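Source file: data-v2.cif; contents: mmCIF, C-alpha atoms.
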data_data
#
loop_
_atom_site.label_atom_id
_atom_site.label_comp_id
_atom_site.auth_asym_id
_atom_site.auth_seq_id
_atom_site.Cartn_x
_atom_site.Cartn_y
_atom_site.Cartn_z
CA ILE R 118 -16.07 -7.68 -15.12
CA ASN R 119 -18.04 -8.83 -12.07
CA GLY R 120 -17.94 -7.01 -8.74
CA TRP R 121 -19.37 -4.37 -6.43
CA TYR R 122 -18.80 -0.76 -5.31
CA GLN R 123 -19.53 0.42 -1.74
CA ASN R 124 -18.15 3.20 0.53
CA ASP R 125 -15.45 4.25 -1.94
CA SER R 126 -14.26 0.67 -2.32
CA VAL R 127 -14.31 -1.53 -5.39
CA ASN R 128 -13.94 -5.31 -5.50
CA ALA R 129 -14.04 -6.99 -8.88
CA ASN R 130 -13.10 -10.05 -10.87
CA LEU R 131 -11.62 -9.20 -14.25
CA ARG R 132 -11.36 -11.61 -17.14
CA ILE R 133 -9.73 -10.73 -20.44
CA GLY R 134 -9.75 -13.00 -23.49
CA ASP R 135 -8.06 -10.77 -26.07
CA LYS R 136 -5.62 -12.15 -28.67
CA ASN R 137 -2.83 -10.14 -27.03
CA LEU R 138 -3.82 -10.67 -23.38
CA MET R 139 -5.48 -13.60 -21.63
CA MET R 140 -5.81 -12.98 -17.89
CA ASN R 141 -7.97 -13.65 -14.86
CA ALA R 142 -7.56 -11.17 -11.95
CA ASP R 143 -9.15 -10.32 -8.60
CA VAL R 144 -8.86 -6.58 -7.92
CA ALA R 145 -9.59 -4.51 -4.79
CA LEU R 146 -9.44 -0.70 -4.90
CA LYS R 147 -9.84 1.71 -1.95
CA LEU R 148 -10.53 5.23 -3.22
CA ASP R 149 -8.96 7.23 -0.39
CA GLU R 150 -6.69 10.31 -0.29
CA THR R 151 -3.91 7.80 -1.00
CA PRO R 152 -5.56 5.09 -3.11
CA LEU R 153 -4.86 1.47 -2.21
CA VAL R 154 -4.74 -1.12 -5.01
CA LYS R 155 -4.54 -4.87 -4.47
CA ALA R 156 -4.59 -7.44 -7.23
CA GLN R 157 -3.90 -11.09 -7.86
CA ALA R 158 -3.64 -12.06 -11.50
CA ASP R 159 -3.08 -15.24 -13.45
CA ILE R 160 -1.63 -14.11 -16.77
CA LYS R 161 -2.11 -16.96 -19.22
CA TYR R 162 -0.74 -15.03 -22.21
CA ALA R 163 0.55 -11.49 -22.72
CA ASP R 164 2.10 -10.25 -25.97
CA VAL R 165 4.26 -7.50 -24.48
CA ARG R 166 5.21 -5.93 -27.82
CA ASN R 167 1.64 -5.73 -29.16
CA LEU R 168 0.51 -4.32 -25.80
CA LYS R 169 3.06 -1.49 -26.38
CA PHE R 170 5.01 -2.11 -23.15
CA ILE R 171 8.27 -3.05 -24.91
CA GLN R 172 8.90 -2.40 -28.60
CA SER R 173 12.48 -3.68 -28.91
CA HIS R 174 11.76 -7.39 -28.31
CA ASP R 175 9.22 -9.97 -29.40
CA LEU R 176 8.24 -11.10 -25.89
CA ILE R 177 5.41 -13.37 -24.69
CA LEU R 178 4.88 -13.45 -20.90
CA LYS R 179 3.05 -15.93 -18.66
CA SER R 180 3.05 -15.41 -14.88
CA ASN R 181 1.22 -15.31 -11.54
CA VAL R 182 1.21 -11.73 -10.27
CA ASP R 183 0.51 -10.39 -6.77
CA LEU R 184 0.31 -6.59 -6.47
CA GLN R 185 -0.24 -4.13 -3.61
CA LEU R 186 0.27 -0.40 -4.19
CA HIS R 187 -0.31 2.66 -2.00
CA GLY R 188 -0.84 5.66 -4.28
CA LEU R 189 -0.91 6.07 -8.05
CA ASP R 190 1.85 8.69 -8.52
CA PRO R 191 5.07 6.82 -9.52
CA ASP R 192 7.17 9.27 -7.46
CA LEU R 193 5.14 8.91 -4.24
CA MET R 194 3.87 5.36 -4.65
CA THR R 195 4.95 2.58 -2.25
CA GLY R 196 4.16 -1.12 -2.33
CA ASN R 197 5.32 -4.29 -4.03
CA ILE R 198 4.78 -6.49 -7.05
CA THR R 199 5.72 -10.17 -7.12
CA LEU R 200 5.84 -12.52 -10.09
CA ASP R 201 5.95 -16.29 -9.58
CA SER R 202 6.47 -19.15 -12.04
CA THR R 203 7.15 -16.73 -14.87
CA ARG R 204 7.75 -17.99 -18.39
CA MET R 205 9.21 -15.58 -20.94
CA TYR R 206 9.34 -16.36 -24.65
CA PHE R 207 11.69 -14.22 -26.76
CA SER R 208 10.88 -15.03 -30.40
CA GLY R 209 9.94 -18.52 -29.20
CA GLU R 210 13.00 -19.05 -26.95
CA LYS R 211 11.81 -19.96 -23.44
CA TYR R 212 13.27 -18.49 -20.22
CA TRP R 213 12.08 -19.48 -16.75
CA MET R 214 12.02 -17.22 -13.71
CA GLU R 215 10.89 -18.80 -10.46
CA HIS R 216 10.41 -15.60 -8.46
CA ALA R 217 10.73 -11.84 -8.90
CA LEU R 218 10.01 -9.00 -6.47
CA LEU R 219 9.81 -5.25 -7.04
CA SER R 220 9.15 -3.15 -3.95
CA LYS R 221 9.33 0.49 -2.92
CA ASP R 222 9.22 1.83 0.65
CA ARG R 223 9.58 5.25 2.28
CA ASP R 224 11.00 5.98 5.75
CA SER R 225 10.14 8.80 8.18
CA ASN R 226 12.88 11.05 6.72
CA GLY R 227 11.45 10.89 3.22
CA ASN R 228 14.07 8.47 1.86
CA TYR R 229 12.90 5.85 -0.60
CA LYS R 230 14.20 2.31 -1.02
CA LEU R 231 13.55 0.53 -4.30
CA ILE R 232 14.35 -3.20 -4.43
CA LEU R 233 14.41 -5.61 -7.36
CA PHE R 234 15.07 -9.32 -6.78
CA THR R 235 15.02 -11.77 -9.71
CA ASP R 236 16.66 -15.02 -10.79
CA TYR R 237 18.96 -13.01 -13.08
CA LEU R 238 20.05 -10.00 -11.04
CA ASP R 239 19.36 -8.14 -7.80
CA ALA R 240 19.29 -4.35 -7.53
CA THR R 241 18.60 -1.71 -4.88
CA MET R 242 18.27 2.08 -5.01
CA GLU R 243 18.12 4.14 -1.81
CA GLY R 244 17.89 7.89 -1.26
CA LYS R 245 15.79 10.93 -2.06
CA PHE R 246 14.79 10.74 -5.71
CA LYS R 247 11.88 10.88 -8.11
CA LEU R 248 11.58 8.03 -10.57
CA THR R 249 10.04 10.27 -13.25
CA GLU R 250 13.05 12.63 -13.08
CA PHE R 251 15.87 10.13 -12.53
CA GLU R 252 16.82 9.82 -16.21
CA TYR R 253 17.04 13.61 -16.54
CA GLU R 254 19.16 13.84 -13.37
CA LEU R 255 21.63 11.35 -14.86
CA GLU R 256 21.80 13.31 -18.12
CA LYS R 257 22.38 16.57 -16.25
CA LEU R 258 25.17 15.04 -14.16
CA ALA R 259 26.86 13.58 -17.26
CA ASP R 260 26.45 16.88 -19.14
CA HIS R 261 28.35 18.67 -16.39
CA TYR R 262 31.48 16.62 -17.20
CA TYR R 263 30.93 16.06 -20.92
CA GLU R 264 28.59 18.40 -22.76
CA LEU R 265 25.70 16.42 -24.23
CA GLY R 266 24.05 19.49 -25.71
CA ALA R 267 20.40 18.41 -25.29
CA VAL R 268 19.75 18.61 -21.55
CA GLY R 269 17.10 21.03 -20.31
CA ASN R 270 16.99 22.81 -16.96
CA THR R 271 13.51 22.23 -15.63
CA VAL R 272 14.12 20.00 -12.58
CA ASP R 273 15.28 21.16 -9.16
CA SER R 274 18.02 18.83 -7.83
CA ILE R 275 18.07 20.13 -4.23
CA GLU R 276 18.63 17.31 -1.72
CA LYS R 277 18.33 14.62 -4.39
CA HIS R 278 20.67 11.68 -4.04
CA ALA R 279 20.65 7.93 -4.67
CA ALA R 280 22.85 4.90 -3.97
CA VAL R 281 22.45 2.11 -6.54
CA THR R 282 23.74 -1.47 -6.25
CA ILE R 283 23.41 -4.15 -8.94
CA MET R 284 24.48 -7.78 -8.50
CA PHE R 285 24.44 -10.11 -11.52
CA LYS R 286 23.40 -13.73 -10.91
CA LYS R 287 22.69 -15.37 -14.28
CA SER R 288 23.78 -14.02 -17.66
CA ASN R 289 22.02 -16.17 -20.25
CA LEU R 290 19.02 -13.85 -20.68
CA ILE R 291 21.29 -10.80 -21.14
CA GLN R 292 23.71 -12.69 -23.38
CA GLU R 293 21.09 -14.16 -25.67
CA GLN R 294 18.35 -11.50 -25.76
CA ILE R 295 19.08 -8.14 -24.13
CA VAL R 296 22.64 -7.49 -25.42
CA PRO R 297 23.49 -10.37 -27.78
CA GLY R 298 27.02 -11.66 -27.23
CA LEU R 299 27.51 -10.04 -23.81
CA TYR R 300 28.39 -12.40 -20.93
CA ILE R 301 28.74 -11.07 -17.38
CA SER R 302 29.99 -13.53 -14.76
CA PRO R 303 27.83 -14.27 -11.68
CA GLY R 304 28.90 -12.16 -8.71
CA THR R 305 29.66 -9.08 -10.82
CA GLU R 306 28.74 -6.06 -8.72
CA ILE R 307 28.17 -2.40 -9.59
CA ASN R 308 27.95 0.22 -6.84
CA THR R 309 27.13 3.84 -7.60
CA ALA R 310 26.40 6.86 -5.39
CA PHE R 311 24.81 9.92 -7.03
CA ASP R 312 24.70 13.35 -5.36
CA PHE R 313 22.55 15.35 -7.77
CA LYS R 314 22.58 18.51 -5.64
CA ASN R 315 26.39 18.84 -5.72
CA ILE R 316 26.77 17.07 -9.10
CA ARG R 317 28.97 14.31 -7.69
CA LEU R 318 29.43 10.66 -8.51
CA ASN R 319 31.25 7.72 -6.97
CA ALA R 320 31.05 4.40 -8.81
CA SER R 321 32.77 1.02 -8.91
CA LEU R 322 32.53 -2.25 -10.80
CA GLU R 323 34.16 -5.58 -10.03
CA SER R 324 33.77 -8.56 -12.34
CA GLU R 325 35.67 -11.81 -12.63
CA LYS R 326 34.87 -12.09 -16.33
CA ILE R 327 33.14 -10.08 -19.03
CA GLU R 328 32.92 -11.40 -22.56
CA TYR R 329 31.62 -9.59 -25.62
CA GLN R 330 31.55 -11.06 -29.13
CA ASP R 331 34.21 -13.67 -28.16
CA ILE R 332 36.61 -11.07 -26.68
CA ILE R 333 37.30 -12.00 -23.04
CA PHE R 334 38.05 -9.47 -20.29
CA ASN R 335 39.33 -11.15 -17.10
CA GLN R 336 39.41 -9.61 -13.61
CA ASN R 337 37.79 -6.24 -14.26
CA ILE R 338 38.00 -3.37 -11.77
CA LEU R 339 36.51 0.02 -12.64
CA ASN R 340 36.43 3.06 -10.36
CA ALA R 341 35.04 6.48 -11.18
CA LYS R 342 34.54 9.56 -9.02
CA THR R 343 34.24 13.31 -9.27
CA ASP R 344 37.14 15.45 -8.10
CA LYS R 345 37.49 19.24 -8.44
CA ASN R 346 34.92 19.57 -11.21
CA ARG R 347 36.29 16.62 -13.19
CA LEU R 348 35.19 13.02 -13.51
CA VAL R 349 38.20 10.77 -12.78
CA PHE R 350 38.16 7.13 -13.93
CA ASP R 351 40.43 4.10 -13.77
CA TYR R 352 39.72 0.75 -15.47
CA SER R 353 42.06 -2.20 -14.93
CA ILE R 354 41.87 -5.62 -16.60
CA GLU R 355 44.21 -8.50 -15.77
CA ASN R 356 44.16 -9.71 -19.37
CA ILE R 357 42.18 -9.27 -22.57
CA ILE R 358 41.97 -12.31 -24.84
CA PHE R 359 41.16 -11.49 -28.47
CA LYS R 360 41.62 -15.09 -29.60
CA ASP R 361 41.45 -18.03 -27.21
CA SER R 362 42.77 -21.54 -27.78
CA THR R 363 40.62 -24.27 -29.32
CA ALA R 364 40.94 -28.04 -29.61
CA ASP R 365 42.55 -27.61 -33.05
CA ASP R 366 44.57 -24.46 -32.38
CA LYS R 367 46.27 -23.79 -29.05
CA THR R 368 47.34 -20.25 -30.01
CA VAL R 369 46.20 -17.49 -27.63
CA PHE R 370 46.37 -13.81 -28.59
CA GLY R 371 45.85 -11.11 -25.99
CA ILE R 372 47.33 -8.41 -23.78
CA ASP R 373 48.00 -8.40 -20.03
CA ASN R 374 47.90 -5.83 -17.24
CA PHE R 375 45.69 -3.47 -19.23
CA ASN R 376 44.79 -0.09 -17.74
CA PHE R 377 42.77 2.82 -19.09
CA SER R 378 42.57 5.93 -16.91
CA GLY R 379 41.91 9.63 -17.20
CA SER R 380 39.58 12.47 -16.39
CA ALA R 381 36.80 14.40 -18.11
CA GLY R 382 35.71 17.99 -17.64
CA SER R 383 33.30 20.33 -19.33
CA ASP R 384 35.88 21.32 -21.96
CA SER R 385 38.41 18.47 -22.19
CA ILE R 386 39.20 14.80 -21.73
CA ALA R 387 42.66 13.50 -20.74
CA CYS R 388 43.42 9.78 -20.87
CA LYS R 389 46.22 7.25 -20.48
CA LEU R 390 46.36 3.74 -21.96
CA LYS R 391 48.91 1.09 -20.99
CA TRP R 392 49.53 -2.65 -20.93
CA ASN R 393 52.44 -4.98 -20.27
CA ASN R 394 52.80 -8.61 -21.39
CA GLN R 395 55.39 -9.68 -18.83
CA ASP R 396 55.42 -13.40 -19.66
CA THR R 397 56.73 -13.04 -23.22
CA THR R 398 60.35 -13.43 -24.32
CA LEU R 399 59.99 -10.33 -26.50
CA LYS R 400 58.99 -6.93 -25.18
CA ASN R 401 55.29 -6.19 -25.72
CA LYS R 402 54.05 -3.21 -23.72
CA ALA R 403 52.53 0.20 -24.25
CA LEU R 404 52.08 3.64 -22.77
CA ILE R 405 49.93 6.16 -24.65
CA GLU R 406 48.77 9.51 -23.31
CA GLY R 407 46.58 12.05 -25.01
CA TYR R 408 43.84 14.59 -24.57
CA MET R 409 40.94 16.15 -26.39
CA ALA R 410 39.83 19.74 -25.94
CA TYR R 411 36.50 20.90 -27.31
CA ASN R 412 33.96 23.69 -27.48
CA ASP R 413 30.73 24.21 -29.39
CA GLN R 414 32.47 24.43 -32.77
CA VAL R 415 35.81 22.59 -32.69
CA SER R 416 37.39 19.53 -31.05
CA LYS R 417 41.16 18.98 -31.02
CA PHE R 418 42.75 15.60 -30.26
CA ILE R 419 46.48 15.28 -29.52
CA ILE R 420 48.63 12.30 -28.52
CA ASN R 421 51.41 13.85 -26.46
CA GLU R 422 53.17 10.64 -25.37
CA SER R 423 53.39 7.22 -27.01
CA GLU R 424 55.69 4.29 -26.47
CA VAL R 425 54.45 0.97 -27.82
CA PHE R 426 56.72 -2.08 -28.01
CA VAL R 427 55.59 -4.89 -30.33
CA ASN R 428 58.02 -7.84 -30.36
CA ASP R 429 60.88 -5.56 -29.25
CA THR R 430 60.13 -2.93 -31.93
CA LEU R 431 59.35 0.53 -30.59
CA TRP R 432 56.37 2.27 -32.18
CA GLN R 433 55.65 5.94 -31.58
CA ILE R 434 53.33 8.66 -32.79
CA GLU R 435 55.64 11.62 -33.24
CA LYS R 436 54.96 14.75 -31.21
CA GLY R 437 53.36 17.75 -32.89
CA ASN R 438 50.42 15.67 -34.14
CA SER R 439 46.80 16.71 -33.99
CA ILE R 440 43.38 15.81 -35.31
CA ILE R 441 40.99 18.76 -35.50
CA MET R 442 37.29 18.00 -35.91
CA ASP R 443 34.82 20.69 -36.89
CA GLN R 444 31.66 21.01 -38.94
CA ALA R 445 33.66 20.63 -42.15
CA GLY R 446 35.21 17.28 -41.16
CA ALA R 447 38.37 15.85 -39.58
CA HIS R 448 41.75 17.47 -40.32
CA TYR R 449 44.93 15.39 -39.76
CA ASN R 450 48.13 17.33 -39.08
CA ASN R 451 51.61 15.74 -38.80
CA PHE R 452 50.19 12.39 -37.73
CA ASN R 453 53.35 10.29 -38.11
CA ILE R 454 53.50 6.69 -36.88
CA ARG R 455 57.05 5.31 -36.70
CA GLY R 456 58.18 1.77 -35.89
CA GLY R 457 61.85 1.00 -36.32
CA GLN R 458 62.65 2.26 -39.84
CA SER R 459 59.02 2.11 -40.90
CA LEU R 460 56.99 5.31 -41.19
CA MET R 461 53.36 6.07 -41.96
CA ASN R 462 52.21 9.67 -42.35
CA ILE R 463 48.56 10.76 -42.37
CA SER R 464 47.71 14.30 -43.43
CA GLY R 465 44.88 16.22 -44.96
CA LYS R 466 41.15 16.16 -44.49
CA PHE R 467 38.99 13.08 -44.11
CA PRO R 468 36.88 13.02 -47.29
CA GLU R 469 33.34 14.23 -46.80
CA VAL R 470 32.93 16.10 -50.08
CA ASN R 471 34.58 15.60 -53.46
CA ASP R 472 37.28 18.27 -52.94
CA ASP R 473 38.58 16.73 -49.67
CA THR R 474 41.85 14.82 -49.75
CA LEU R 475 43.36 12.52 -47.14
CA ILE R 476 46.96 11.49 -47.88
CA ILE R 477 48.49 8.36 -46.34
CA GLN R 478 52.19 7.90 -47.10
CA PHE R 479 54.29 4.81 -46.34
CA ASN R 480 58.06 4.63 -46.10
CA ASP R 481 59.74 1.23 -45.67
CA TRP R 482 56.58 -0.07 -43.96
CA LYS R 483 57.21 -3.73 -43.12
CA LEU R 484 54.14 -5.94 -43.18
CA SER R 485 55.87 -8.40 -40.83
CA HIS R 486 55.29 -5.89 -38.02
CA PHE R 487 51.76 -7.30 -37.87
CA ASP R 488 52.92 -10.89 -37.25
CA ILE R 489 51.93 -10.65 -33.57
CA ILE R 490 48.33 -10.26 -34.76
CA THR R 491 48.22 -12.31 -37.96
CA ASN R 492 50.08 -15.32 -36.53
CA ALA R 493 47.35 -15.77 -33.97
CA PHE R 494 44.96 -16.32 -36.89
CA ARG R 495 47.40 -18.65 -38.69
CA PHE R 496 48.51 -16.53 -41.61
CA ASP R 497 51.68 -14.54 -42.27
CA LEU R 498 52.42 -11.26 -44.09
CA ASN R 499 55.79 -10.25 -45.52
CA GLY R 500 57.12 -7.46 -47.69
CA LYS R 501 57.23 -3.67 -47.61
CA ILE R 502 55.02 -0.77 -48.61
CA ASN R 503 56.47 2.48 -49.98
#

Represent the structure contained in this file as structure tokens.
Amino acid sequence: INGWYQNDSVNANLRIGDKNLMMNADVALKLDETPLVKAQADIKYADVRNLKFIQSHDLILKSNVDLQLHGLDPDLMTGNITLDSTRMYFSGEKYWMEHALLSKDRDSNGNYKLILFTDYLDATMEGKFKLTEFEYELEKLADHYYELGAVGNTVDSIEKHAAVTIMFKKSNLIQEQIVPGLYISPGTEINTAFDFKNIRLNASLESEKIEYQDIIFNQNILNAKTDKNRLVFDYSIENIIFKDSTADDKTVFGIDNFNFSGSAGSDSIACKLKWNNQDTTLKNKALIEGYMAYNDQVSKFIINESEVFVNDTLWQIEKGNSIIMDQAGAHYNNFNIRGGQSLMNISGKFPEVNDDTLIIQFNDWKLSHFDIITNAFRFDLNGKIN
């Protein structure tokens, strides 16, 4: 370190030659009521995992950093950080980022605006919030509609709110390193408005394509909002492709016009699942409705409506069914699945200890009912199970 100190100001040149961090930086610090920090750094090598910043990834970082911060408290701090010509190495795999900006400003009404611009995604967050409490606020909001059981009550949410927007630009870093196998098409946008005082949420997602582990979801629209003490959601997908065509096999297996909707409250979840393959010569569609009620000790799941057509065969879960889950395990009652003349009955208790018994009975169960699935993978099943 070389530098000087005068009139509550520090100017210094900092050089580090450690095995985990090689850096040259010019730093200026004004020790005022609200400290001012300025720095320009040339990071030649930073082992992020060994420096304890990120433990989940083996990441080496090289970048030119320009920093200016007013204040040291994360909740009150304003300023910006820019990274230029950044090279990231995940287990040796190189990723280039030309420019990144993280900034935080505050207006005269006490509202903050947090901005993140990168080559991979852009994000903004505006409102009255504290960064150190934001995770807890999200947990408390979620716990109001679905009991998480581990949320404290130490933060005052009065007048706290935030609007968050995320726009995806490039997916290769996410797909290959952050969530392996997840592709999110450029232009995918997430908009969310949080009202922590009134425990309200309004969120939306629009994406041309999402792919996870080779399953393709085309034209995704998700909306969620709070209404009369319940969280209401609706997720529509134009088609889901479980198996796409290849040069050697032109078979495509998927479902069209998929929709999953419902609502969640502090003691129950109600949901509806449907799809409709309109372009097939045989009827393939579904409508399934059910709900789950729960308290501290017991959860009860019931399917009260089911009508699933697979190649013109109607499949139903007969009414009067239930699955009860408690500390002793899962209890299946009158869970009968019927398709044509085929019947499968599940009853008993899911085995957790040696005395538990789960009984699955088949009556005239035709294996050919699964042709719609197995044919897509070029094999065929025939016969019956009794």

Query raised in the report: When the PyMOL selection byres ((chain R and resi 359-361) around 6) is applied to the file above, which residues end up in the set, as number ranges by chain?
Result: R: 332, 358, 362, 369-371

Requested in this report: I need the residue set behind the PyMOL selection byres ((chain R and resi 248) around 10) for this file; please write it as a VMD selection string.
Outcome: chain R and resid 190 to 193 231 245 to 247 249 to 254

Report task. Please provide as a PyMOL selection string all residues within 8 Å of Lys221 in chain R, with the sequence filter that same-chain residues fewer than 4 positions apart are discarded (counting all atoms listed in the file). Result -> chain R and resi 194-197+229-232

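Picked out by the PyMOL selection byres ((chain R and resi 438-453) around 7) when it runs on this file: Gln414, Val415, Ser416, Lys417, Phe418, Ile419, Ile420, Ile434, Glu435, Lys436, Gly437, Ile454, Arg455, Leu460, Met461, Asn462, Ile463, Ser464, Gly465, Lys466, Phe467 and Glu469 of chain R.
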
Query raised in the report: Do you know which residues are at most 7 Å from Ser324 in chain R counting all atoms listed in the file, after dropping those on the same chain fewer than 3 positions away, and could you put them as a list in words?
Result: Ser302, Thr305, Glu306, Ile327, Gln336, Asn337 and Ile338 of chain R

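CA of Glu328 in chain R lies 23.5 Å from CA of Gly379 in chain R.
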
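For the pair CA of Phe170 in chain R and CA of Met242 in chain R, the interatomic distance is 22.9 Å.
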
Query raised in the report: Residues at most 6 Å from Asn130 in chain R, counting all atoms listed in the file, excluding those fewer than 2 positions away in the same chain, as a list of chain:residue names?
Result: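 In the requested form, the answer reads R:Ile118, R:Asn119, R:Ala142, R:Asp143.
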
Report summary line: Separating CA of Glu215 in chain R from CA of Lys179 in chain R, to the nearest tenth of an Å, is a gap of 11.7 Å

Query raised in the report: Taking into account only C-alpha atoms, which residue in the set R:Glu406, R:Gln185, R:His486, R:Thr235 is nearest to Asp429 in chain R?
Result: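 Closest to Asp429 in chain R, using only C-alpha atoms: R:His486.
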